[in-house]
Each structure stands twice: as structure tokens, then as C-alpha cells.
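This report concerns only the one structure given below.
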There are 4 protein chains.
Amino acid sequence: MPNRVKAAVMVEPGRIQLTEFPYPKIPSNAALVRMEMSGICGTDKHMFKGETKHPGGQDTTFPIIPGHENVGIIEELGPEATALEVEDRKLHVGDRVVPICDVTCGQCYICRSSYGFTTSCLRDVGYGTTLSCKDPPHLFGGWAEYMYILPQALLAKVPDGVPPAAAVMTEVLSVPFCAFDKAMSPYALGKEGFGPGDNAVILGAGPLGICHGIMAKMVGAEKIIVVGAPESRLELAKKLCADYTLNIDKIRDPQERLQEISDLTDNHGADLVAECAGVPEAVPQGLDMLRIGGTLIVAGNYIDVGPTPINPQKQILSKNARIIGVSGQTAASYAGSLRLIKRFLKTIPLNTMVTHEFKIEDAERALTTAISMESMEVVITPE
Amino acid sequence: MPNRVKAAVMVEPGRIQLTEFPYPKIPSNAALVRMEMSGICGTDKHMFKGETKHPGGQDTTFPIIPGHENVGIIEELGPEATALEVEDRKLHVGDRVVPICDVTCGQCYICRSSYGFTTSCLRDVGYGTTLSCKDPPHLFGGWAEYMYILPQALLAKVPDGVPPAAAVMTEVLSVPFCAFDKAMSPYALGKEGFGPGDNAVILGAGPLGICHGIMAKMVGAEKIIVVGAPESRLELAKKLCADYTLNIDKIRDPQERLQEISDLTDNHGADLVAECAGVPEAVPQGLDMLRIGGTLIVAGNYIDVGPTPINPQKQILSKNARIIGVSGQTAASYAGSLRLIKRFLKTIPLNTMVTHEFKIEDAERALTTAISMESMEVVITPE
Amino acid sequence: MPNRVKAAVMVEPGRIQLTEFPYPKIPSNAALVRMEMSGICGTDKHMFKGETKHPGGQDTTFPIIPGHENVGIIEELGPEATALEVEDRKLHVGDRVVPICDVTCGQCYICRSSYGFTTSCLRDVGYGTTLSCKDPPHLFGGWAEYMYILPQALLAKVPDGVPPAAAVMTEVLSVPFCAFDKAMSPYALGKEGFGPGDNAVILGAGPLGICHGIMAKMVGAEKIIVVGAPESRLELAKKLCADYTLNIDKIRDPQERLQEISDLTDNHGADLVAECAGVPEAVPQGLDMLRIGGTLIVAGNYIDVGPTPINPQKQILSKNARIIGVSGQTAASYAGSLRLIKRFLKTIPLNTMVTHEFKIEDAERALTTAISMESMEVVITPE
Amino acid sequence: MPNRVKAAVMVEPGRIQLTEFPYPKIPSNAALVRMEMSGICGTDKHMFKGETKHPGGQDTTFPIIPGHENVGIIEELGPEATALEVEDRKLHVGDRVVPICDVTCGQCYICRSSYGFTTSCLRDVGYGTTLSCKDPPHLFGGWAEYMYILPQALLAKVPDGVPPAAAVMTEVLSVPFCAFDKAMSPYALGKEGFGPGDNAVILGAGPLGICHGIMAKMVGAEKIIVVGAPESRLELAKKLCADYTLNIDKIRDPQERLQEISDLTDNHGADLVAECAGVPEAVPQGLDMLRIGGTLIVAGNYIDVGPTPINPQKQILSKNARIIGVSGQTAASYAGSLRLIKRFLKTIPLNTMVTHEFKIEDAERALTTAISMESMEVVITPE
């Protein structure tokens, strides 16, 4: 047991500082996780740039240890911490776990209604996003050697055989897990929702986009088209999920992209479009790509970057379109995502999405690399 | 059997002309309906104003006999016309029927997929909207003494005891019938869709809005709030469905209306908002009114009147909102709507929505009255 | 504050004994409810007869204070008991509340999965059913002057204007609330589930059956047929929900009843059948009554009274039937049920279901009356 | 063009006779298909054994040319036969097609309601099952050189690259395609229906069972357990879909099999059980295997072989179980199934299910082979 715990702290937008905190004392109903890997998410990039409004309107609470896409090993487990596992499985010191990144109250209107999306909890706090490291026990983010697990937090046990580089994608994959749960429900008689044998267009070739493409593949999509850039990301998309890719750096005219989608879908349009681009104009472009009765998932616009014009008649009513907003995920979806990661590990090796690893000391360089589009998933590893 | 059939013909936008057509000869697989009542819909007003684009992109095919909200009596029934009833019930001369206003091909991609929305059929033609009266047998609209029933058209038998003034509302009511079918599915555990005991906000106090409020009441909504104008329409709304009304002529600031909705819904926001206003800006306003996880129906923007800015993060993603476009209805929904009209005739007398009746000769004056907001449902009656 | 609290204790099957317990001391995170009314449910009758197996396989834990259909007034509220209300509303001493009758762990596989049915919780305990009164604070059932509210229990606030005799029906009504939630989801295009305008057949004319008929009426059923006995119950059914009733004492041949249902449904069969009879043979009889694609709710067979033969081909496969088992309800459904009770209080006065009131001292006579079929809802009132 | 067409005719139960029919004249709205392959289905075996009642109660209409799992090449196409393709795609002479095996009226209550299951049509006729070969043009079954396509029949175009031995499985695969459509809808929050990451138990290791296992794999099931016999079938199951198999010839005690399922599912039980065994007792056994809230598909009991005892409380209500009867499929599902067959051709080579081929002359021997359990899919090929 070390005396001090190293962490990368975002002191304010644009500034990251290596900091040491005391090794915490774990009460009987809490736990401690030794970090193996922590991903860098679009949200971290936004916080770094000073875009700090999270869904629900919370502000990032600087100083903060970023990192909410996490995987690690249970180092300490309080004797009364018997209900931490998200499916109520037994936990032991030494188990590999993915912490659910949001901690919900379990008592507000939203939690009580079984709605389930953690970020929708009225008193939601988030590891790495809205839990500051100012006060003890400090360790509320993944870019550190250890992470402190609050009594009301949850952990998802990682199945045997799933390596850290695959498990670190759990949080990202659980977003399309929930998005497809909604998009596929109901798909009675094949046409009122997304179902096996349907096609899917993914707008955005970053980790969130690829994970949506992967989920589409896992549930039996017939044809998956990823629209994004740069070419290096599209190459990885092809390896993991895409049957076709459209490079927006090369096909710059949205009308031309629309025509390509139409050609690839028997002139019907897309059964499903998933907006994972994080720019408002992807929403109307996605609506144009839909077939009559199609579904648009809005998952990429996680941080507020403004409005965009939409034509209600042409783009929503005439198409009998369905639009589904997805802010994050449910806690339960972590366990489902991990089952799928394991199931498809050989045919869809999710771990290959991790293209860059950095030490805690190099967190700022890690962020810059993540912001450059040449990487896919960038992670921080303590060792 | 008369020699001549009177009809009000819209020769071009802005011009209506009383015309006489020959009484048609009915082939063995077709039928003829003697009109009792034909409503004036927002679509008719748009066509009159020169806004002529229907969903699917079809143009109004002038000259045309308007009238697609129809009820009448079977005057002639060809001996081989045995499959005209939408639920395969036996028909006889003298039966009161509501003709399904769109005639679908039954063979295109959309029809084959069981998707069912008639206006989505790729070869859809519409009585009173896209079937011209230029060529024989001419009688393809309800503002006339008789209507010709094509072999591939459908009729819904009116249950005993439902008067023409209630039956004429069938086509309008079938829109929310289908909209709620979508909005209520699935509402697992009360929170993923609209269900009994939930509240509903209706934007727009015309026939379409009131019918959405009525449908909400029929399915057990706890609280129904109608937002619109003028006061006379809101008064009728109160009689038929509304627990609360907001007069937009008096509360002109959208923020203020938003606050009222919040106050009326325990600060949660609306479980369901139905856009029945026909103006694009009602869509973002409706999204602002939704609770987390709420549903927005877009049913009013039937004719293209342009775009409106929407914020994907604040108005869709953060709210985990669902948006459902509804263009018209299915043929089957006519029969369901008629069952509900009969069921609720005493407690929700739909016939009271008909506020004005005009003769065929006075069709233009009827239209002007409909365009003025002082009326609710305006109908044309041959006698 | 009295020194002693009166309660009717079921010491063992067949024996009820008036008992006095000490008035409990309420810790800071618990509460105490002064009872207004407590209903007698089929489960109580089964326990009295020695049929003691609850769903999940738990046994009744004698001695027990029965009573799980409860309404009362908050007498004491611990200062830290801030999260007791099921929709997170503020509670005060003097508020009328309905206690959720099951207390779930919130941590087991079932609770975590958002499945929500309280009786399905792997560590579920039930007021009046599986919480013994052997140990302090004893007061774990409604047939008493006071009821002790555990810190992890939940209460549903009763809306203003809902009298105790209506509120006492909340627990029963929440069963069909959840059953219809399932049965109506999805009902895409009117035919894959139960929807407005559809017909419903209810097997069983006791409180559970009537409540299913009432829920069908609340959600817009076209025609409701209640099958049961004796005539007095069917008379009440007619007042509250039934359009037609079939008296099984008079029409004893199941084939004859089947024919009646067929005649009443255009020869299609029932869109929905709800088994609320508590006898196994009602299940195959209900399946015979279904139309192709219809839905059977199994809600009455709450206590195990053995098997019954079913023909999978004729009664399930050929009909494309759907069968839905419903064991109890979710906590959230109490709040929804109460909203509906209030909403329909004038047109469907639920309080008229209470036909008999007894003092705690007369609990055994109350039970006998409930077992005789001449009563509908029998309740215990302390005063 | 030959003068005579060879066919295997089932003259009555137990007797098959090689017959020659005149080569038919094709009217302008019909078509002719030159057969490549026709499968032997459980239904054919039942008909041969004298079990002749189809769903809906129709009788086999002897003499008959069996064969409803068909694939062939368009030999003739009438110039007015422009709407035969199930997704309205253009057809040409020389195209490989799978005929939809049932021909529906399109006008009855069921067809009009968009319910879609072809065998549920009130006037349904079936190639190879209820269309006799007594009268011209005779060729209404697949065990022949040619098949006559009625004007109101439908064909599904086979995608390029799908060989006949895979396409011949389309009709079988479309049953689980529809079954999973129902079972997965809705699966809101992962627990109310079957979804990706869930486990599936298949009862029955014949073609229908394997196809259900394959469909489960296609939609992302975590773990698939096939229960059946003999070992040769289970071996193929393992190659195509099964993670685990239970041989019922070796584990003869249902309680022991139940224990195995429990062990393999974390003691939760199966998320989904698909009954594809064709014996009534598989239904209660499947219910016992379900987890709380699980779903049972009843697809195997296609021919009536009697009732079985079921305990409504233990096996349906206490489990909050859902049971879904599936009789055949929709026409649209053929196209979806073919997309999936192509999509997964390399990883799930459906063509390997065809274990035996016989000439038309050897149809009776083909049947005997199919009845012996040592084969999987047995087909008839003209050449």
C-alpha cells in the first residue's frame, strides 16, 4: 500500500497538473479500485476547451480528476460493501471491474420511475465529470492510480477473458446498447423500428460512432455505413463494423452524401441513422438520410454547441420519422455490454480501438492526441 | 337517380366554381356514395391559399373537388364490390359509411411492409387532394352530391347510432388514433411512453388539436392542457377534453407559457406534447415543455411552411426525448376511431365540433369561415 | 398517543385473535401511519384456509397481522425519513397515504434490472403477508390501529379529494395498471396488443376482476364483458365497467359462454381476456375466447391451486396468442393508479366497491363475509 | 420447354406416387418457377402420418404435391405480373426466387388489420399443404420440376451469392425471424423482452430449432443452449449456433435438464426459451426453465398432438412470464430472412443444414430419411 496516489488533475479549462493525494482509508461500506486503464472521451475534450455544461445543466466542478471510462482491479472491499455489483454478483479483492461512472440517488422522481438513465437522476454526480477532487478522499476520477468507490456507487464485474483494453470501452458501448434498446423497440413486423436485417448509417467515426456501428453489427444489421473522417478512423471502422464508409473530407457536399446513402439502400433511405458526430447539423442531415418510417438516434450532441434549422414537415412528419435522444446510459447496460464484448471478442476485437496509451504524467499530451483526429481511443494507464 | 351531380370545384388556388357532372355509371366492382357531410380541413385551406405540396411531395391536381373528411350513404354497390369494407364486414345499399380518403396500391415497398400509413404509399392517390375531377367519372371529392368509390378504395361502416356530424370527424380522429398508437408504444413501467394517468399538452385548438385532446382523454390521460386561440375554440376544448387551456393571444411570451406548463405538471414537464398547430416554431416550443423522457408528436405541420431552429443537445439529447412524426393515418384506424366515437358519444359528443354547415353552392364562403378562427369544424352538406 | 395498539392477529390458519401491542417508538428514518381502512384480499382468504405459498415460494410467517390493501394518515414522520414517497414528493404528518405493500431490497438481480415488480424481488418482504408480528415493533399489517413504516418502505401520497374507501382500492387497481401496461405494449397498428377501441373479457367478478374491467374502461376499451357470479357482483360490475355480464351460475357450460363471447365480438373473439378468477381452468377457457393475435392476462392465479390441461397448438400457436403472467405490481404503479382513481372518481366511483366495513374486533367475521361471494370489497376500520 | 412435368404426389396419408402433369400455359398475370430445391418439413411428415389438421383448422387437400420450403428460377413471367416481388423489386426470367408458401386474400379481417401472419388469413391457401393438385394447372407444390405462381402469390428475390441450399432454408428461418420480432419487442431496459446479451434455450434440434438458435445468434444472444437429440444434430447445432447442447437421450430426467439450465444461467434461468420440439410437454418444461420475466416462444406445436398440464401460478404468474404463440410467418419476413442469410453466409453457413438430397422419384425415401432423426434438412431436387 503506497502512501501517496498520483493523479492528473484538471485545475481549470486548459490546464492539467500532476498531483499527489494521500492514500485513502476505506470505510466498511466502500471500496477502492486500482486503475488499469481510463479512456479519454469527447466530454473530457470539451471540459478542457472550457465547454463545461453537462446534460441536466450541471457544471464541471474544478479541480477535477477526469476519467469516466474506467477499468481496474478491486484493491480493497469493505466488509459491508455487499451490494456494489450491478447484477448483485459476489465481488472479491482482485476482481476486474468497470465502475458505473454516474452515481444516482435512487430516490428522486426519475430514479423512482424506473426510467434508469443515470445522467437523468436529479441528484446525479459523475466520476470524472461533476465530482471534484478538492475534498477528501479526492480520488473521484480515472486518471489516477486509484479510484475511490462510494457506498452508493456501482461496479460491473468484467467476465473472464476480457482484457482491460476491451473493458475500457464498456462505458462507450453501453450508450448504443441503450440507444438500440430504444430504437429496436418496438419493431413489430419489421418496419416500426430497427431490427435484424435492416441497414444503419452512422454519422461520426470516433469511438462513439464506431461503437454504434459495432452494436448494429451485433444485433444483425444487414449493412452498416459509417460517415466521417479521417481515413485512418474509417479504416478501423471497416475492420470492426463498417461495410461501407463515406469520407466527409472527400465528399464535402451533404447532397452528394445523401445520394450515396440512397444508392446504397435501394433508394429507400436508411432504416436507422445514429448521430454520433457531436455537431448540430448532423441532425437534419441524418433526417434527410432516413427512409419513411425510419429512426434517428441523437447521441453525439452531448455538450451544448448550439441550434440548427430543421424542417418539421419535410424532415419529420412526411417521413413518419422517429427521433430518439440518448443521454448516456443505464447502469444495467454496463453488464449487458460486457457480455457482448466477451461474446464478440474474436470477431469484433473491441480492444483494437485503443490506439494510444499514455502515463498519468502525460495526460495533457494524451488529451492533445485525442483531440487530433488521428487517434481512435486514447487511454491513460498508471504503469 | 338524378341526371346531373352538383359539386364545388377548386379550379385553381383561390377559385371555387359550382359545377355539374353527369351521374356516373357504376361498374360491377365499384360503388357510389350519396354525401351527407364533408368537412373542411387545414389541407383544403392550404390548397386554396396556393400551398399545394402534400406529404410525399405530390401536388394538388387541379381542377379538383375538395373534401376528404366524408360521410354518406351507399347509393349503389356493384355485385362484385365485396371487399370494400375496411374490416371485411358486409355492406348494403343504404349503409352509412366513411370512405378512407387515400387509395393505396397495396404493392409498393411501403404497402408490402405492413407499415400501413396510407399517405406513405408510393403510389397513393387521395380523394379531394390528388385525384383530379378533370376526367370521368369526375366525382373524387366530398364537396359534391355523390362520391365515386374506386374498386381499390375502402369504406368504414358507421356503427348504428353515430350521427353524420360525429362520423364526419372520423378521418381527423384517426390521426391521433395512430399518433397515440405510436406514442403509447411501448410505455413499459410507465415512463418510456405515454400511458394512462399521464398528462398531455396539445399545441393548437383547431379540429386536429381538439381530436388529439379527445384521444388523450379516451385513453385515460390524467390532465389535458390545450394551448391555442381564440377563446371560443378553447371554450369548446374545455367542454370536450381540456382540463386547462392557455390562450396564446393573451399569454404571448413562450417562456411564460412554458412556466405555466411547468406549474401544472409538478415541475416535471409534460409527459406528452402533441404539435397540432401547423407552424414550425411549435416544435421547439413543444420540446421545451417535455419532461425528461417525454414524447413529442408532430402532426400539425402537414404542409411545408419552412424550417425552425432546434437545439439537439438541450431539446432532444439531454431530455432523452422522443419525437414522432405522424402523416395522416392507417386505413384500419378509421374503424377503431368509429368504435371510440360511438363508445364516448354521450360523454364526448364529437358532433358538437361541427359549428357551421354550408350548402355546396356556398363552398367558398364555407372556406372563408373555416379560415377565420371563429369556427371549429365547418362542413359542406348537399341538402 | 395511546399506550397500546389493537390488532387482529392471524395466529395460524383458521384462527384470528384480537391482540394488543405496545405503541412503538419511531426512529428518525421511519414513520407511523394511523390506519383508516384495510381491505381483505383473496390472499388473506387463502392464508386463512391454510394455502400459504406466495409467489416466489415464500410462506406466510405466522403469527401475522394481515392487511396489505391499506390507507391511513401519517401520525409520525422521522426527520430523516425524507425519501419515503414513491414519486419523491414531500410528506407531512397528517397526509393521507397508501403504503406500498411490499418492501424490496433494491439490490438483487431483479431490483437492479429495473424489472420493477415488487413481489419478484429476491428478498421481498410483504406487509400483511410475510412480515411476522412476532417481534417488535410488531405492527406490520393493516388490520390494526397503526402500521409501522420501515425506512426502506415506500408510501404513495393520496391526492386531495380521494376518500379512504377509494384509496383503499389502490393496491388492487395497481395490478391491472401494470397488467395493461404490458398488454398494451406494443399495440402497433392496432393489432399486436390491446388498444383503445378493443374489447375486453374479464373472467372473475371479484375486486380484482372489477378493477381489470375498470382499467379497461379507463383506457378506452370499446366493450367490456365480465364473466362471473353471483348476480350481486355482476350488478356492481355493470355500474362500474361492464357493458355485458355472463353469470356462470346460470350459463354453466363453458362452450355456451364461448359462444356468447363469439356473438358479442363479431365472431372474432376477444381482443383481451383477463383471468381474475383464481382457478386454473380459467386459463384454457380464456385462451379459447381469444381472437387470433389476442392477449391473455393471468393475474388471478396468485396462490398455487394446481395445474390444468392446455393445448399448445390449438390454444396458443394457432391463435398467435400472447399470454402474460402478472404477479402483483410495481411500486410506481401506486401513484399512477391514484391519479386515475381521482381522475375518474365521478364517472367510476371506486369507493362504491367497498360493500362491508368491520371493526378490528370483528376481523374473523369480516373474513367470512369476504369469503362468501355476496360481498365485493370488505374492509377493516379501526373506528 | 418440356411437354410433361414430373411431380411427387401424396395421394393420401402414407402413399406417394410419381406423377406427370401437362406443362402449364402461363396467363399474363402469373408466373412459372423451375424448381431447384424443396425441403421436407415437419408438416410434410405429419401429413404423411395422417395428422392433417393445419392451423386455422384446414385439412390437407389430397391429392397434393407437397413442398412449401422452396427455391427455384423464374422460367416464365407474365407481362402483367408486375407486383409479385414481396418488396416490390423488379423481377426477370432467370432470377432465383423463394415463393412465399401461403397465399392470402388481402381482404379479410386479419389481412386488413395488418396482422400479417399469412397462415392466419381467413381464406389462406398454402402451396404444398392446402392447394390440391387435382385440377389444372396442378403444380401447387415444390416436389416437382415446376411450380405455378398464382397472380395473388408472392416471391422473394434471392440476393446474389446465396446458393439454393441456403435459400431453401428461408421459409424455416422466417419463423424465428417473426418469433424474435415479437420476443424482442419491447425489451425496454433490457428486462421486459429478449435482447442482445441475453441467453436463449432452444428445445428441439431439428431445422426449426436450429434456425431459432441461429436467429438468436444473429441478434447478439450471449449464450445459446440447444436441447435435443440425437448427437449428430447437436453436433451440427454446435457448428451453427449452440454454445452448449443437452442431449435428451442421455439426460432423460427433465429435472436434471432444468438443473443444467440453471447452472448455465447464473441460477437465473433462461431469458428466452423457444419451443421447437413439436411435443406438448415441451411447453411446461420450457416454462420451468425461464427466469422471472422471461419469454417462451411456442413455435414447434404446429400440428395438433394434444394437451399438456400447466400450472398457471407457478409457471406463468409467479414468473411474470410471457408466452408467445407463433404460427408460421409474415410474407415480409422472407425478404428479411434472405438478407440475414446472405449477411451471415460465411460465419453461419445455412446451406450446411441440408444433409440429404433426393430426386423427385425418391420422394418417399426422402420422407423416411427426414422422419429418422439422423438427418437435418432433407431436400428434393429435380435434377
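Letters for chains follow the order of the C-alpha cells (A, B, ...), residue numbers begin at 1 for each chain, and ligand numbers begin at 1 in the order shown.
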Hey, what does DSSP flag as helix (DSSP H, G or I) within range 112-270 of chain B? Can you give it to me as a VMD selection string? chain B and resid 112 118 to 120 164 to 167 170 to 183 188 to 190 207 to 218 231 to 240 254 to 264
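The chain D residues that come within 6 Å of chain B are D:Glu87, D:Asp88, D:Cys108, D:Tyr109, D:Ser114, with only C-alpha atoms taken into account.
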Dump all heavy atoms for the selected residues as a compact mmCIF listing (two decimals), in the first residue's frame?
# COMPACT_ATOMS: atom_id res chain seq x y z
N GLU D 87 -41.03 -7.21 -51.91
CA GLU D 87 -40.63 -5.84 -51.60
C GLU D 87 -40.71 -4.96 -52.83
O GLU D 87 -40.05 -3.92 -52.90
CB GLU D 87 -39.23 -5.82 -51.00
CG GLU D 87 -39.19 -6.37 -49.58
CD GLU D 87 -37.88 -6.10 -48.88
OE1 GLU D 87 -36.88 -5.85 -49.57
OE2 GLU D 87 -37.88 -6.13 -47.64
N ASP D 88 -41.52 -5.40 -53.80
CA ASP D 88 -41.79 -4.61 -55.00
C ASP D 88 -40.53 -4.37 -55.83
O ASP D 88 -40.40 -3.34 -56.48
CB ASP D 88 -42.43 -3.27 -54.60
CG ASP D 88 -43.18 -2.65 -55.78
OD1 ASP D 88 -43.69 -3.42 -56.61
OD2 ASP D 88 -43.24 -1.41 -55.86
N CYS D 108 -59.60 -10.08 -45.85
CA CYS D 108 -60.35 -10.49 -44.66
C CYS D 108 -59.96 -9.63 -43.46
O CYS D 108 -59.02 -8.84 -43.51
CB CYS D 108 -60.13 -11.97 -44.35
SG CYS D 108 -58.47 -12.32 -43.73
N TYR D 109 -60.67 -9.81 -42.38
CA TYR D 109 -60.42 -9.08 -41.14
C TYR D 109 -58.95 -9.14 -40.73
O TYR D 109 -58.35 -8.15 -40.36
CB TYR D 109 -61.31 -9.68 -40.05
CG TYR D 109 -60.96 -9.28 -38.65
CD1 TYR D 109 -61.17 -7.98 -38.21
CD2 TYR D 109 -60.39 -10.20 -37.77
CE1 TYR D 109 -60.84 -7.61 -36.92
CE2 TYR D 109 -60.07 -9.83 -36.48
CZ TYR D 109 -60.29 -8.53 -36.06
OH TYR D 109 -59.96 -8.17 -34.79
N SER D 114 -53.51 -5.63 -40.75
CA SER D 114 -52.05 -5.53 -40.76
C SER D 114 -51.40 -6.56 -39.85
O SER D 114 -50.23 -6.43 -39.51
CB SER D 114 -51.58 -4.14 -40.32
OG SER D 114 -52.10 -3.16 -41.13
Can you pull out the residues contacting range 306-315 of chain A? Cut-off 7 Å, using only C-alpha atoms, and skip same-chain residues under 4 positions away; I want them as JSON, numbers by chain. {"A": [280, 281, 284, 287, 288, 319], "B": [280, 301, 302, 303, 304, 306, 307, 308, 309, 310, 311, 312]}
Output file for the residues above (all heavy atoms, as a compact mmCIF listing (two decimals), in the first residue's frame):
# COMPACT_ATOMS: atom_id res chain seq x y z
N PRO A 280 -24.44 19.96 -34.40
CA PRO A 280 -25.89 20.07 -34.58
C PRO A 280 -26.36 19.74 -35.99
O PRO A 280 -27.40 19.09 -36.17
CB PRO A 280 -26.19 21.53 -34.22
CG PRO A 280 -25.09 21.92 -33.29
CD PRO A 280 -23.87 21.17 -33.77
N GLU A 281 -25.62 20.16 -37.01
CA GLU A 281 -26.11 19.98 -38.39
C GLU A 281 -26.18 18.52 -38.80
O GLU A 281 -26.80 18.18 -39.81
CB GLU A 281 -25.26 20.79 -39.38
CG GLU A 281 -23.79 20.46 -39.40
CD GLU A 281 -22.99 21.33 -38.42
OE1 GLU A 281 -23.57 21.78 -37.40
OE2 GLU A 281 -21.79 21.53 -38.66
N PRO A 284 -30.24 17.38 -38.90
CA PRO A 284 -31.05 17.46 -40.14
C PRO A 284 -30.47 16.62 -41.28
O PRO A 284 -31.23 16.06 -42.08
CB PRO A 284 -31.03 18.96 -40.49
CG PRO A 284 -29.93 19.56 -39.67
CD PRO A 284 -29.79 18.70 -38.46
N LEU A 287 -31.71 13.18 -40.71
CA LEU A 287 -33.14 13.06 -41.03
C LEU A 287 -33.34 12.92 -42.54
O LEU A 287 -34.17 12.13 -43.00
CB LEU A 287 -33.91 14.27 -40.50
CG LEU A 287 -34.08 14.31 -38.98
CD1 LEU A 287 -34.59 15.68 -38.51
CD2 LEU A 287 -35.05 13.21 -38.52
N ASP A 288 -32.57 13.67 -43.32
CA ASP A 288 -32.68 13.56 -44.78
C ASP A 288 -32.33 12.15 -45.27
O ASP A 288 -32.85 11.69 -46.28
CB ASP A 288 -31.76 14.57 -45.46
CG ASP A 288 -32.33 15.98 -45.42
OD1 ASP A 288 -33.55 16.13 -45.26
OD2 ASP A 288 -31.54 16.94 -45.55
N LYS A 319 -42.00 11.98 -43.29
CA LYS A 319 -41.27 10.72 -43.23
C LYS A 319 -41.82 9.78 -42.16
O LYS A 319 -41.30 8.68 -42.00
CB LYS A 319 -39.80 11.01 -42.92
CG LYS A 319 -39.08 11.67 -44.07
CD LYS A 319 -37.61 11.36 -44.02
CE LYS A 319 -36.99 11.69 -45.37
NZ LYS A 319 -35.58 11.31 -45.43
N PRO B 280 -44.01 25.77 -37.72
CA PRO B 280 -42.75 25.10 -37.35
C PRO B 280 -42.30 25.40 -35.92
O PRO B 280 -41.82 24.52 -35.22
CB PRO B 280 -41.75 25.64 -38.38
CG PRO B 280 -42.58 26.00 -39.56
CD PRO B 280 -43.88 26.49 -39.00
N ASN B 301 -47.78 19.96 -38.73
CA ASN B 301 -47.03 20.51 -39.86
C ASN B 301 -47.22 19.65 -41.11
O ASN B 301 -46.28 19.13 -41.68
CB ASN B 301 -45.54 20.60 -39.51
CG ASN B 301 -45.18 21.89 -38.78
OD1 ASN B 301 -44.75 22.85 -39.39
ND2 ASN B 301 -45.41 21.93 -37.47
N TYR B 302 -48.47 19.57 -41.56
CA TYR B 302 -48.80 18.67 -42.67
C TYR B 302 -48.37 19.25 -44.01
O TYR B 302 -48.06 18.53 -44.94
CB TYR B 302 -50.30 18.38 -42.66
CG TYR B 302 -50.69 17.19 -43.48
CD1 TYR B 302 -50.57 15.90 -42.97
CD2 TYR B 302 -51.17 17.35 -44.78
CE1 TYR B 302 -50.92 14.80 -43.74
CE2 TYR B 302 -51.52 16.26 -45.55
CZ TYR B 302 -51.39 14.99 -45.02
OH TYR B 302 -51.74 13.90 -45.78
N ILE B 303 -48.42 20.57 -44.11
CA ILE B 303 -48.00 21.24 -45.34
C ILE B 303 -46.71 22.00 -45.03
O ILE B 303 -46.55 22.56 -43.96
CB ILE B 303 -49.11 22.21 -45.81
CG1 ILE B 303 -50.40 21.44 -46.15
CG2 ILE B 303 -48.64 23.05 -46.99
CD1 ILE B 303 -50.33 20.58 -47.38
N ASP B 304 -45.78 21.97 -45.96
CA ASP B 304 -44.46 22.55 -45.74
C ASP B 304 -44.53 24.07 -45.62
O ASP B 304 -44.85 24.76 -46.58
CB ASP B 304 -43.55 22.15 -46.91
CG ASP B 304 -42.13 22.64 -46.71
OD1 ASP B 304 -41.84 23.27 -45.68
OD2 ASP B 304 -41.30 22.38 -47.61
N GLY B 306 -41.79 25.63 -43.97
CA GLY B 306 -40.42 26.04 -43.66
C GLY B 306 -39.83 25.47 -42.39
O GLY B 306 -40.47 24.75 -41.65
N PRO B 307 -38.53 25.80 -42.16
CA PRO B 307 -37.76 25.23 -41.05
C PRO B 307 -37.84 26.08 -39.78
O PRO B 307 -38.42 27.18 -39.79
CB PRO B 307 -36.34 25.22 -41.58
CG PRO B 307 -36.28 26.42 -42.47
CD PRO B 307 -37.68 26.63 -43.02
N THR B 308 -37.25 25.57 -38.72
CA THR B 308 -37.20 26.26 -37.44
C THR B 308 -35.97 25.78 -36.70
O THR B 308 -35.59 24.61 -36.85
CB THR B 308 -38.47 25.97 -36.62
OG1 THR B 308 -38.46 26.76 -35.43
CG2 THR B 308 -38.55 24.50 -36.21
N PRO B 309 -35.29 26.64 -35.92
CA PRO B 309 -34.08 26.17 -35.22
C PRO B 309 -34.41 25.28 -34.02
O PRO B 309 -35.31 25.58 -33.24
CB PRO B 309 -33.39 27.47 -34.77
CG PRO B 309 -34.38 28.55 -34.93
CD PRO B 309 -35.55 28.07 -35.72
N ILE B 310 -33.66 24.18 -33.90
CA ILE B 310 -33.80 23.26 -32.77
C ILE B 310 -32.41 23.01 -32.20
O ILE B 310 -31.45 22.86 -32.94
CB ILE B 310 -34.45 21.94 -33.24
CG1 ILE B 310 -35.92 22.18 -33.58
CG2 ILE B 310 -34.32 20.85 -32.19
CD1 ILE B 310 -36.64 20.96 -34.12
N ASN B 311 -32.33 22.94 -30.87
CA ASN B 311 -31.05 22.65 -30.22
C ASN B 311 -31.00 21.16 -29.87
O ASN B 311 -31.66 20.71 -28.93
CB ASN B 311 -30.90 23.51 -28.95
CG ASN B 311 -29.54 23.31 -28.30
OD1 ASN B 311 -29.08 22.19 -28.13
ND2 ASN B 311 -28.87 24.40 -27.95
N PRO B 312 -30.20 20.39 -30.61
CA PRO B 312 -30.21 18.94 -30.40
C PRO B 312 -29.81 18.54 -28.98
O PRO B 312 -30.35 17.57 -28.43
CB PRO B 312 -29.18 18.42 -31.41
CG PRO B 312 -29.07 19.47 -32.45
CD PRO B 312 -29.31 20.78 -31.73
Give me the residues within 12 Å of range 231-237 of chain D as number ranges by chain, counting only C-alpha atoms and dropping any in the same chain fewer than 5 places off. D: 202-214, 217, 224-226, 242-250, 348-355, 372-377
Nearest candidate to Lys342 in chain A (options D:Cys101, D:Glu75, D:Leu154, D:Gly220; using only C-alpha atoms):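 Once distances to Lys342 in chain A are computed over only C-alpha atoms, the minimum belongs to D:Gly220.
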What is the CA of Asp124 in chain C-CA of Thr52 in chain C distance in Å, reported with one decimal? 15.8 Å
Can you pull out every residue within 12 Å of Glu364 in chain A, counting only C-alpha atoms, but drop anything in the same chain fewer than 3 positions away, and send it as a ChimeraX atom specification? /A:8-11,13-18,40,44-45,48,66,143,358-361,367-371,378-380
